[in-house]
$ cat entry05.txt   # compact mmCIF, C-alpha atoms and all ligand atoms
# COMPACT_ATOMS: atom_id res chain seq x y z
CA MET A 1 -69.98 65.37 116.83
CA THR A 2 -66.92 67.54 116.43
CA ALA A 3 -63.63 67.15 118.27
CA GLN A 4 -62.28 69.45 120.94
CA VAL A 5 -58.78 70.75 120.19
CA ILE A 6 -56.61 70.85 123.33
CA THR A 7 -53.10 72.32 123.25
CA VAL A 8 -50.57 71.55 125.98
CA THR A 9 -47.96 74.26 126.51
CA SER A 10 -45.70 75.66 129.25
CA GLY A 11 -43.24 78.40 128.32
CA LYS A 12 -40.33 76.72 130.04
CA GLY A 13 -38.88 73.59 128.45
CA GLY A 14 -38.74 70.16 130.04
CA VAL A 15 -41.62 70.56 132.49
CA GLY A 16 -43.65 67.65 131.10
CA LYS A 17 -45.72 68.77 128.08
CA THR A 18 -44.94 65.70 125.98
CA THR A 19 -45.42 63.44 128.99
CA ALA A 20 -48.81 65.05 129.62
CA VAL A 21 -49.96 64.76 126.00
CA ALA A 22 -48.94 61.09 125.77
CA ASN A 23 -50.60 60.19 129.05
CA LEU A 24 -53.81 62.12 128.44
CA ALA A 25 -54.00 60.59 124.97
CA VAL A 26 -53.76 56.99 126.20
CA ALA A 27 -56.07 57.69 129.15
CA LEU A 28 -58.73 59.27 126.94
CA ALA A 29 -58.41 56.53 124.33
CA ALA A 30 -58.59 53.79 126.99
CA ASN A 31 -61.86 55.39 128.09
CA GLY A 32 -63.29 54.98 124.61
CA SER A 33 -62.67 58.44 123.13
CA ARG A 34 -61.24 58.75 119.63
CA VAL A 35 -58.00 60.69 119.99
CA VAL A 36 -55.53 62.17 117.54
CA CYS A 37 -52.32 63.68 118.93
CA ILE A 38 -50.23 66.08 116.93
CA ASP A 39 -46.56 66.61 117.72
CA GLY A 40 -46.12 70.35 117.24
CA ASP A 41 -42.45 70.36 118.19
CA ILE A 42 -41.08 70.52 114.63
CA GLY A 43 -37.40 69.57 114.50
CA LEU A 44 -37.46 68.04 117.99
CA ARG A 45 -39.81 65.11 117.49
CA ASN A 46 -40.47 63.27 120.77
CA LEU A 47 -44.09 62.30 121.17
CA ASP A 48 -43.54 59.27 118.90
CA VAL A 49 -40.95 57.69 121.22
CA ILE A 50 -42.89 58.50 124.37
CA LEU A 51 -45.91 56.75 122.85
CA GLY A 52 -43.74 53.90 121.52
CA LEU A 53 -44.72 54.54 117.89
CA GLU A 54 -41.37 55.66 116.46
CA ASN A 55 -40.86 52.60 114.24
CA ARG A 56 -44.04 53.09 112.30
CA ILE A 57 -43.51 56.61 110.98
CA VAL A 58 -43.66 57.05 107.22
CA TYR A 59 -45.07 60.53 106.75
CA ASP A 60 -45.10 63.53 109.08
CA ILE A 61 -47.06 66.74 109.58
CA VAL A 62 -45.00 68.73 107.07
CA ASP A 63 -45.63 66.06 104.40
CA VAL A 64 -49.37 66.61 104.96
CA ILE A 65 -49.08 70.40 104.86
CA GLU A 66 -46.94 70.37 101.73
CA GLY A 67 -49.23 67.87 100.02
CA ARG A 68 -46.88 64.89 99.77
CA CYS A 69 -49.42 62.62 101.42
CA ARG A 70 -53.04 62.56 102.53
CA LEU A 71 -53.88 63.31 106.16
CA LYS A 72 -54.94 59.70 106.78
CA GLN A 73 -51.56 58.40 105.59
CA ALA A 74 -49.69 60.42 108.22
CA MET A 75 -51.90 59.18 111.07
CA ILE A 76 -50.16 56.32 112.89
CA LYS A 77 -52.55 53.98 114.64
CA ASP A 78 -51.58 52.75 118.12
CA LYS A 79 -51.84 48.93 118.21
CA ARG A 80 -52.65 48.86 121.94
CA LEU A 81 -55.44 51.40 121.55
CA PRO A 82 -56.97 51.35 118.07
CA ASN A 83 -58.80 54.66 118.63
CA LEU A 84 -55.52 56.52 119.28
CA HIS A 85 -53.57 58.10 116.41
CA LEU A 86 -50.42 60.18 116.18
CA ILE A 87 -49.40 62.72 113.57
CA PRO A 88 -45.64 63.00 114.09
CA ALA A 89 -43.55 66.15 113.81
CA ALA A 90 -41.04 66.52 111.00
CA GLN A 91 -37.57 65.90 112.34
CA THR A 92 -35.45 67.49 109.62
CA ARG A 93 -37.43 70.70 109.19
CA ASP A 94 -37.89 73.73 111.38
CA LYS A 95 -40.89 75.59 112.76
CA ASN A 96 -41.08 77.85 109.72
CA ALA A 97 -42.33 74.89 107.65
CA VAL A 98 -45.68 75.25 109.44
CA SER A 99 -47.95 78.27 109.89
CA ALA A 100 -50.83 78.97 112.26
CA SER A 101 -53.31 78.69 109.40
CA ASP A 102 -51.81 75.31 108.39
CA MET A 103 -52.55 74.08 111.92
CA THR A 104 -56.06 75.46 111.83
CA ARG A 105 -56.75 73.84 108.45
CA LEU A 106 -55.30 70.49 109.54
CA THR A 107 -57.37 70.34 112.72
CA LYS A 108 -60.48 71.43 110.81
CA ASP A 109 -60.14 68.37 108.59
CA LEU A 110 -59.65 66.14 111.64
CA ARG A 111 -62.45 67.48 113.80
CA SER A 112 -65.17 65.28 112.32
CA GLU A 113 -63.00 62.16 112.67
CA CYS A 114 -62.45 62.10 116.43
CA ASP A 115 -63.41 63.38 119.89
CA PHE A 116 -60.13 64.94 121.04
CA ILE A 117 -57.21 66.45 119.16
CA LEU A 118 -54.24 66.92 121.51
CA ILE A 119 -51.42 69.21 120.37
CA ASP A 120 -47.97 69.01 121.97
CA SER A 121 -46.51 72.54 121.87
CA PRO A 122 -42.79 73.26 121.78
CA ALA A 123 -41.26 75.22 124.68
CA GLY A 124 -41.00 79.00 124.32
CA ILE A 125 -43.43 81.67 123.21
CA GLU A 126 -42.43 81.99 119.59
CA ARG A 127 -43.66 80.66 116.29
CA GLY A 128 -43.99 76.97 117.23
CA PHE A 129 -45.98 77.92 120.32
CA LYS A 130 -48.17 80.34 118.34
CA ASN A 131 -48.85 77.60 115.76
CA ALA A 132 -49.78 75.14 118.49
CA ILE A 133 -52.28 77.43 120.23
CA ALA A 134 -53.85 78.83 117.05
CA PRO A 135 -56.45 76.07 116.61
CA ALA A 136 -56.97 75.39 120.36
CA ASP A 137 -60.42 75.35 121.92
CA ARG A 138 -58.77 74.81 125.26
CA VAL A 139 -55.21 75.22 126.51
CA LEU A 140 -53.54 73.27 129.30
CA VAL A 141 -50.55 75.01 130.88
CA VAL A 142 -48.03 72.65 132.47
CA THR A 143 -45.74 73.89 135.21
CA ASN A 144 -43.52 72.51 137.98
CA PRO A 145 -43.57 73.80 141.58
CA GLU A 146 -40.39 75.76 140.98
CA VAL A 147 -39.68 79.49 140.48
CA SER A 148 -38.64 79.62 136.83
CA ALA A 149 -41.36 77.23 135.63
CA VAL A 150 -44.05 79.22 137.47
CA ARG A 151 -42.77 82.51 136.14
CA ASP A 152 -42.75 81.24 132.56
CA ALA A 153 -46.22 79.75 133.01
CA ASP A 154 -47.43 83.21 134.08
CA ARG A 155 -45.99 84.75 130.91
CA VAL A 156 -47.73 82.13 128.77
CA ILE A 157 -51.04 82.65 130.57
CA GLY A 158 -50.72 86.39 129.91
CA ILE A 159 -50.18 85.74 126.19
CA LEU A 160 -53.11 83.31 126.07
CA GLU A 161 -55.36 85.97 127.59
CA ALA A 162 -54.10 88.59 125.13
CA GLU A 163 -54.81 86.21 122.23
CA ASP A 164 -58.33 85.47 123.49
CA LYS A 165 -57.57 81.86 124.25
CA GLY A 166 -58.79 82.23 127.85
CA PRO A 167 -56.35 81.87 130.72
CA GLY A 168 -56.02 78.10 130.27
CA SER A 169 -56.18 75.31 132.85
CA LEU A 170 -53.22 74.38 134.98
CA ILE A 171 -51.39 71.07 135.39
CA ILE A 172 -48.88 71.11 138.24
CA ASN A 173 -46.40 68.36 137.38
CA ARG A 174 -43.56 66.75 139.36
CA LEU A 175 -44.84 67.74 142.76
CA ASN A 176 -42.75 66.08 145.45
CA PRO A 177 -45.07 65.57 148.47
CA SER A 178 -42.32 65.06 151.00
CA LEU A 179 -40.49 68.24 149.93
CA VAL A 180 -43.77 70.14 150.16
CA ARG A 181 -44.36 68.83 153.68
CA ARG A 182 -40.87 69.97 154.67
CA GLN A 183 -41.77 73.36 153.15
CA GLU A 184 -38.88 73.16 150.72
CA MET A 185 -41.13 73.09 147.66
CA LEU A 186 -44.02 75.32 146.62
CA SER A 187 -47.32 73.57 147.38
CA ALA A 188 -50.09 73.24 144.81
CA ASP A 189 -51.98 75.94 146.74
CA ASP A 190 -48.99 78.30 146.52
CA VAL A 191 -48.74 77.82 142.76
CA LEU A 192 -52.48 78.31 142.31
CA ASP A 193 -52.38 81.42 144.45
CA LEU A 194 -49.64 82.88 142.28
CA LEU A 195 -51.02 81.96 138.87
CA ALA A 196 -54.71 82.37 139.72
CA ILE A 197 -56.15 80.12 137.00
CA GLU A 198 -58.28 76.99 137.08
CA LEU A 199 -56.50 73.82 138.22
CA ILE A 200 -57.09 70.64 136.22
CA GLY A 201 -54.55 68.32 137.81
CA ILE A 202 -51.62 67.73 140.14
CA VAL A 203 -49.16 65.04 139.07
CA PRO A 204 -46.56 63.80 141.56
CA GLU A 205 -42.92 63.21 140.78
CA ASP A 206 -42.88 59.52 139.89
CA GLU A 207 -40.12 57.26 138.60
CA GLY A 208 -42.81 55.39 136.69
CA VAL A 209 -42.80 58.29 134.18
CA LEU A 210 -39.18 57.55 133.22
CA ILE A 211 -39.74 53.80 133.19
CA GLY A 212 -42.79 54.27 130.99
CA SER A 213 -40.85 56.45 128.58
CA ASN A 214 -38.05 53.85 128.43
CA ARG A 215 -40.63 51.31 127.30
CA GLY A 216 -42.73 53.58 125.11
CA ALA A 217 -45.70 52.85 127.37
CA PRO A 218 -47.02 56.00 129.11
CA VAL A 219 -47.46 55.64 132.87
CA ALA A 220 -51.23 56.20 132.62
CA LEU A 221 -51.41 52.60 131.35
CA ASP A 222 -49.99 51.44 134.70
CA LEU A 223 -52.96 51.12 137.05
CA LYS A 224 -50.73 51.05 140.14
CA SER A 225 -48.88 54.31 139.49
CA LYS A 226 -49.84 57.52 141.32
CA ALA A 227 -48.76 59.73 138.42
CA GLY A 228 -50.72 57.43 136.12
CA GLU A 229 -53.80 57.88 138.29
CA ALA A 230 -53.32 61.65 138.28
CA PHE A 231 -53.20 61.70 134.46
CA ARG A 232 -56.22 59.40 134.20
CA ASN A 233 -58.11 61.80 136.49
CA ILE A 234 -57.19 64.78 134.28
CA ALA A 235 -58.50 62.84 131.27
CA ARG A 236 -61.81 62.29 133.08
CA ARG A 237 -61.99 66.00 133.95
CA LEU A 238 -61.43 66.84 130.28
CA LYS A 239 -64.53 64.77 129.56
CA GLY A 240 -66.45 66.93 132.02
CA GLU A 241 -66.48 64.52 134.94
CA GLU A 242 -66.05 65.92 138.46
CA VAL A 243 -63.14 64.05 140.00
CA PRO A 244 -61.71 64.99 143.41
CA PHE A 245 -58.00 65.86 143.47
CA LEU A 246 -55.59 63.26 144.84
CA ASP A 247 -54.41 64.11 148.32
CA LEU A 248 -50.68 64.08 147.75
CA GLU A 249 -49.49 66.51 150.36
CA SER A 250 -50.97 65.39 153.66
CA GLY A 251 -50.10 61.68 153.76
CA SER A 252 -46.79 61.13 155.49
CA SER A 253 -44.07 58.54 155.38
CA LEU A 254 -43.14 56.40 158.36
CA TRP A 255 -40.00 58.46 158.93
CA GLU A 256 -41.96 61.71 158.95
CA ARG A 257 -44.45 60.25 161.41
CA ILE A 258 -41.61 59.25 163.71
CA GLN A 259 -40.12 62.75 163.48
CA LYS A 260 -43.52 64.23 164.27
CA LEU A 261 -43.85 61.97 167.32
CA ALA A 262 -40.41 63.02 168.43
CA GLY A 263 -41.57 66.62 168.25
CA ARG A 264 -38.98 67.63 165.71
CA ARG A 265 -41.38 69.01 163.13
CA MET B 266 -35.96 72.80 156.88
CA SER B 267 -33.21 72.04 159.31
CA PHE B 268 -33.14 72.52 163.05
CA LEU B 269 -30.42 75.16 162.68
CA ASP B 270 -32.49 77.14 160.17
CA LYS B 271 -35.30 77.25 162.70
CA LEU B 272 -32.98 78.19 165.52
CA PHE B 273 -31.71 81.18 163.55
CA GLY B 274 -35.18 82.08 162.35
CA ARG B 275 -34.27 81.45 158.72
CA LYS B 276 -37.32 81.17 156.49
CA ASN B 277 -38.03 77.89 154.74
CA SER B 278 -37.29 77.90 151.03
CA ALA B 279 -40.89 77.42 149.88
CA ASP B 280 -41.87 80.71 151.55
CA SER B 281 -38.90 82.50 149.97
CA ALA B 282 -39.87 81.10 146.57
CA LYS B 283 -43.44 82.30 146.96
CA GLU B 284 -42.52 85.78 148.16
CA ARG B 285 -39.95 86.27 145.42
CA LEU B 286 -42.36 85.03 142.77
CA GLN B 287 -45.09 87.38 144.00
CA LEU B 288 -42.84 90.36 143.32
CA VAL B 289 -41.45 89.06 140.03
CA LEU B 290 -44.94 88.34 138.67
CA ILE B 291 -46.16 91.84 139.54
CA HIS B 292 -43.31 93.37 137.59
CA ASP B 293 -43.73 90.93 134.68
CA ARG B 294 -47.49 91.48 134.47
CA THR B 295 -47.38 95.27 134.68
CA ASP B 296 -44.17 95.64 132.69
CA LEU B 297 -42.91 97.99 135.42
CA THR B 298 -39.45 97.62 136.89
CA PRO B 299 -38.93 98.37 140.59
CA ALA B 300 -37.19 101.62 139.51
CA GLU B 301 -40.15 102.67 137.36
CA LEU B 302 -42.50 101.92 140.21
CA GLU B 303 -40.36 104.10 142.44
CA SER B 304 -40.52 107.01 140.00
CA LEU B 305 -44.28 106.56 139.67
CA ARG B 306 -44.45 106.93 143.44
CA ASP B 307 -42.39 110.12 143.34
CA ASP B 308 -44.61 111.59 140.58
CA LEU B 309 -47.69 110.72 142.57
CA ILE B 310 -46.31 112.46 145.67
CA ALA B 311 -45.41 115.55 143.65
CA THR B 312 -48.85 115.74 142.00
CA VAL B 313 -50.88 115.24 145.16
CA SER B 314 -48.65 117.65 147.10
CA ARG B 315 -49.54 120.40 144.66
CA HIS B 316 -53.11 120.26 146.00
CA VAL B 317 -52.86 119.11 149.59
CA GLU B 318 -50.12 118.67 152.09
CA ILE B 319 -49.46 114.99 152.71
CA ASP B 320 -47.63 112.94 155.26
CA VAL B 321 -45.09 111.14 153.11
CA THR B 322 -43.61 109.14 155.97
CA ALA B 323 -46.95 107.51 156.77
CA MET B 324 -47.86 106.92 153.14
CA GLN B 325 -48.40 103.42 151.83
CA PHE B 326 -47.85 102.60 148.21
CA GLY B 327 -47.71 99.29 146.41
CA MET B 328 -49.10 96.76 143.98
CA GLU B 329 -51.76 94.29 145.01
CA HIS B 330 -53.24 91.51 142.98
CA ASP B 331 -56.77 90.33 142.76
CA GLY B 332 -56.71 87.08 140.82
CA ARG B 333 -54.74 87.84 137.69
CA SER B 334 -55.35 91.59 137.68
CA GLN B 335 -53.01 94.04 139.34
CA ARG B 336 -54.10 97.04 141.31
CA LEU B 337 -51.99 99.98 142.33
CA VAL B 338 -52.86 100.87 145.90
CA ALA B 339 -51.84 104.16 147.50
CA ASP B 340 -52.92 105.22 150.94
CA ILE B 341 -51.86 108.84 151.44
CA PRO B 342 -52.56 110.54 154.79
CA ILE B 343 -53.37 114.24 154.36
CA LYS B 344 -52.18 116.64 157.01
CA SER B 345 -55.00 118.44 158.78
CA ALA B 346 -56.17 121.81 157.44
CA SER B 347 -55.32 123.71 160.64
CA HIS B 348 -51.84 122.29 160.60
CA ARG B 349 -51.57 123.25 156.96
CA ARG B 350 -52.85 126.81 157.50
CA ARG B 351 -50.40 127.40 160.25
CA ALA B 352 -47.59 125.96 158.20
CA SER B 353 -48.40 127.99 155.10
CA SER B 354 -49.09 131.24 156.96
CA SER B 355 -45.72 131.02 158.61
CA ARG B 356 -44.13 130.34 155.22
CA LYS B 357 -45.61 133.11 153.15
CA PRO B 358 -47.72 135.64 155.06
CA LYS B 359 -50.37 137.12 152.81
CA ALA B 360 -50.40 140.86 152.36
CA ARG B 361 -53.94 142.12 152.95
N1 LIG C 401 -44.30 63.47 136.92
C1 LIG C 401 -43.03 63.21 136.55
N2 LIG C 401 -42.22 62.47 137.35
C2 LIG C 401 -40.95 62.20 136.99
N3 LIG C 401 -40.39 62.60 135.85
C3 LIG C 401 -41.13 63.33 135.00
C4 LIG C 401 -42.48 63.68 135.30
N4 LIG C 401 -42.97 64.41 134.27
C5 LIG C 401 -41.97 64.53 133.38
N5 LIG C 401 -40.85 63.87 133.80
C6 LIG C 401 -39.56 63.79 133.10
O1 LIG C 401 -39.16 65.10 132.76
C7 LIG C 401 -38.49 65.12 131.53
C8 LIG C 401 -39.10 66.16 130.60
O2 LIG C 401 -40.43 65.74 130.28
P1 LIG C 401 -41.07 66.08 128.86
O3 LIG C 401 -40.20 65.66 127.75
O4 LIG C 401 -42.47 65.57 128.89
O5 LIG C 401 -41.08 67.67 128.95
P2 LIG C 401 -41.45 68.72 127.81
O6 LIG C 401 -42.11 69.86 128.48
O7 LIG C 401 -42.20 68.05 126.71
O8 LIG C 401 -39.99 69.13 127.29
P3 LIG C 401 -39.65 70.03 125.99
O9 LIG C 401 -39.88 71.45 126.40
O10 LIG C 401 -38.22 69.73 125.73
O11 LIG C 401 -40.56 69.58 124.88
C9 LIG C 401 -38.54 63.71 130.98
O12 LIG C 401 -37.33 63.08 131.24
C10 LIG C 401 -39.65 63.06 131.78
O13 LIG C 401 -39.44 61.68 131.95
MG MG C 402 -41.79 68.04 124.61

$ encode --input "entry05.txt" --output "structure tokens"
Amino acid sequence: MTAQVITVTSGKGGVGKTTAVANLAVALAANGSRVVCIDGDIGLRNLDVILGLENRIVYDIVDVIEGRCRLKQAMIKDKRLPNLHLIPAAQTRDKNAVSASDMTRLTKDLRSECDFILIDSPAGIERGFKNAIAPADRVLVVTNPEVSAVRDADRVIGILEAEDKGPGSLIINRLNPSLVRRQEMLSADDVLDLLAIELIGIVPEDEGVLIGSNRGAPVALDLKSKAGEAFRNIARRLKGEEVPFLDLESGSSLWERIQKLAGRR
Amino acid sequence: MSFLDKLFGRKNSADSAKERLQLVLIHDRTDLTPAELESLRDDLIATVSRHVEIDVTAMQFGMEHDGRSQRLVADIPIKSASHRRRASSSRKPKAR
């Protein structure tokens, strides 16, 4: 069996690419898949801390590409989930240390070793992004329900189509259900209407994401978290399972129910 | 959305965001600025008017999207032939 290469990208920075990669990686691995994640954000290494693996780094992706170590030596094994590995980004190099064909060669060598290869793309649409999507069989586009993030996602989707990578599948991250109900935030339907690509998940705004990143334990490991559940559901969809979308927008808080009763809304 | 916003008929911000994005995405996807779109409209009017007389005031012109593909839609009412004949005969009477 050969692995599927999945790249997570967004255009705009800070919308949740690294969060998504870390959570999908632990969710897939917890479900028994063999997963290798690659931090493609050369010079701005982050996936290691989000996964809680920062203390174990010896070699990085540029060491592999430049032949200073073997691929296996740069793969850090997660102690919680033995079938999860990370290839960290180089921190003191820049994106020019890696080319698209380097990425394709690296993933080719990994494909027989695992089920999923997840690549965390840097923000932007330049070289680092091009490197990250080059080997992708599938691309996940992360956006937030917010004008600039949606606009940048649309640009990225246009580039993916032009490069024959398909339009990609959409993750809407940081949706705030109560803002959506007050009609002060774009709903998931609005965003889908605008971007017109396949939806693979809606992740609510959740403080558990921050808490998880403080601890180096992605929120998908927390069985009580809503965001964690949303990421676990995306992981199941990646495996081809049909999972209904969480109903985040219709449920209402006590205060909103009182307002509704009072006829204010 | 506050009570006052509703009272003054101000739109909620999610609707504004969606409407603004719809326009921005059309321009991004087609690489046409609003000014270029305007000049395309003028060229279209000039070209069609060379063949038939049209009612510019009732004309509709704009971009629509169908999924991710954009479509330029123009609906151009043509003035009736009798109206046209009368108009043109009064303008330049033909010498027979
Ligand atoms: N669903 C969420 N709820 C709350 N906070 C979130 C959520 N998703 C992401 N965040 C927070 O948003 C911030 C940015 O997330 P992240 O680093 O994953 O984005 P990124 O797209 O990888 O950024 P960059 O473009 O810099 O690589 C982080 O502080 C993260 O904790
Ligand atoms: Mg990141």

$ residues_around --input "entry05.txt" --residues "segment 166-180 of chain A" --least-positions-apart "6" --cutoff "10 Å" --atoms "only C-alpha atoms" --output "VMD selection string"
(chain A and resid 7 to 10 15 to 17 19 to 20 137 to 146 150 153 to 154 156 to 160 186 to 188 191 to 192 195 to 206 209 227 230 to 231 234 247 to 253 256) or (chain B and resid 266 279 333)

$ closest_residue --input "entry05.txt" --among "A:Ile211, A:Met185, A:Val5, A:Leu238" --to "Ser281 of chain B" --atoms "all atoms listed in the file"
A:Met185

$ interface_residues --input "entry05.txt" --of "chain A" --to "chain B" --cutoff "7 Å" --atoms "only C-alpha atoms" --output "ChimeraX atom specification"
/A:147,151,182-186,190,194,196

$ write_last_selection --input "entry05.txt" --atoms "C-alpha atoms" --output "short mmCIF file (atom, residue, chain, number, x, y, z; two decimals), in the coordinates of the input"
data_model
loop_
_atom_site.label_atom_id
_atom_site.label_comp_id
_atom_site.auth_asym_id
_atom_site.auth_seq_id
_atom_site.Cartn_x
_atom_site.Cartn_y
_atom_site.Cartn_z
CA VAL A 147 -39.68 79.49 140.48
CA ARG A 151 -42.77 82.51 136.14
CA ARG A 182 -40.87 69.97 154.67
CA GLN A 183 -41.77 73.36 153.15
CA GLU A 184 -38.88 73.16 150.72
CA MET A 185 -41.13 73.09 147.66
CA LEU A 186 -44.02 75.32 146.62
CA ASP A 190 -48.99 78.30 146.52
CA LEU A 194 -49.64 82.88 142.28
CA ALA A 196 -54.71 82.37 139.72
#

$ closest_residue --input "entry05.txt" --among "A:Ala97, A:Met103, A:Ala149, A:Ala74" --to "ligand LIG 401 (chain C)" --atoms "all atoms listed in the file"
A:Ala149

$ residues_near_ligand --input "entry05.txt" --ligand "ligand MG 402 (chain C)" --cutoff "8 Å" --atoms "only C-alpha atoms and all ligand atoms" --output "list in words"
Gly13, Gly14, Gly16, Lys17, Thr18, Thr19, Asp41, Leu44, Arg45, Asn46, Leu47, Asp120, Ser121, Pro122 and Ala123 of chain A

$ atom_distance --input "entry05.txt" --atom1 "atom CA of Pro135 of chain A" --atom2 "atom CA of Asp152 of chain A"
21.7 Å

$ closest_residue --input "entry05.txt" --among "A:Lys12, A:Arg237, A:Arg68, A:Lys108" --to "ligand LIG 401 (chain C)" --atoms "all atoms listed in the file"
A:Lys12

$ residues_around --input "entry05.txt" --residues "Gly212 of chain A" --least-positions-apart "6" --cutoff "12 Å" --atoms "all atoms listed in the file" --output "list in words"
Thr19, Ala22, Asn23, Val49, Ile50, Leu51, Gly52, Asp206, Pro218, Val219, Ala220, Leu221, Asp222, Ser225, Ala227 and Gly228 of chain A

$ residues_around --input "entry05.txt" --residues "Ala323 of chain B" --least-positions-apart "5" --cutoff "9 Å" --atoms "only C-alpha atoms" --output "number ranges by chain"
B: 340-342

$ atom_distance --input "entry05.txt" --atom1 "atom O7 of ligand LIG 401 (chain C)" --atom2 "atom CA of Asp189 of chain A"
23.6 Å

$ atom_distance --input "entry05.txt" --atom1 "atom C10 of ligand LIG 401 (chain C)" --atom2 "atom CA of Leu86 of chain A"
19.2 Å

$ axis_aligned_box --input "entry05.txt" --around "ligand LIG 401 (chain C)" --padding-each-side "4 Å" --output "JSON"
{"center_x": -40.8, "center_y": 66.6, "center_z": 131.1, "size_x": 15.0, "size_y": 17.8, "size_z": 20.5}

$ closest_residue --input "entry05.txt" --among "A:Ser148, A:Ser213, A:Asn55, A:Asn96" --to "ligand LIG 401 (chain C)" --atoms "only C-alpha atoms and all ligand atoms"
A:Ser213

$ residues_near_point --input "entry05.txt" --point "(-39.7, 64.0, 103.9)" --cutoff "10 Å" --atoms "all atoms listed in the file" --output "VMD selection string"
chain A and resid 58 to 63 66 68 90 to 93

$ write_last_selection --input "entry05.txt" --atoms "C-alpha atoms" --output "compact mmCIF listing (two decimals), keeping the file's coordinate frame"
# COMPACT_ATOMS: atom_id res chain seq x y z
CA VAL A 58 -43.66 57.05 107.22
CA TYR A 59 -45.07 60.53 106.75
CA ASP A 60 -45.10 63.53 109.08
CA ILE A 61 -47.06 66.74 109.58
CA VAL A 62 -45.00 68.73 107.07
CA ASP A 63 -45.63 66.06 104.40
CA GLU A 66 -46.94 70.37 101.73
CA ARG A 68 -46.88 64.89 99.77
CA ALA A 90 -41.04 66.52 111.00
CA GLN A 91 -37.57 65.90 112.34
CA THR A 92 -35.45 67.49 109.62
CA ARG A 93 -37.43 70.70 109.19

$ closest_residue --input "entry05.txt" --among "A:Ala136, A:Lys165, A:Gly128, A:Leu53" --to "ligand LIG 401 (chain C)" --atoms "all atoms listed in the file"
A:Gly128
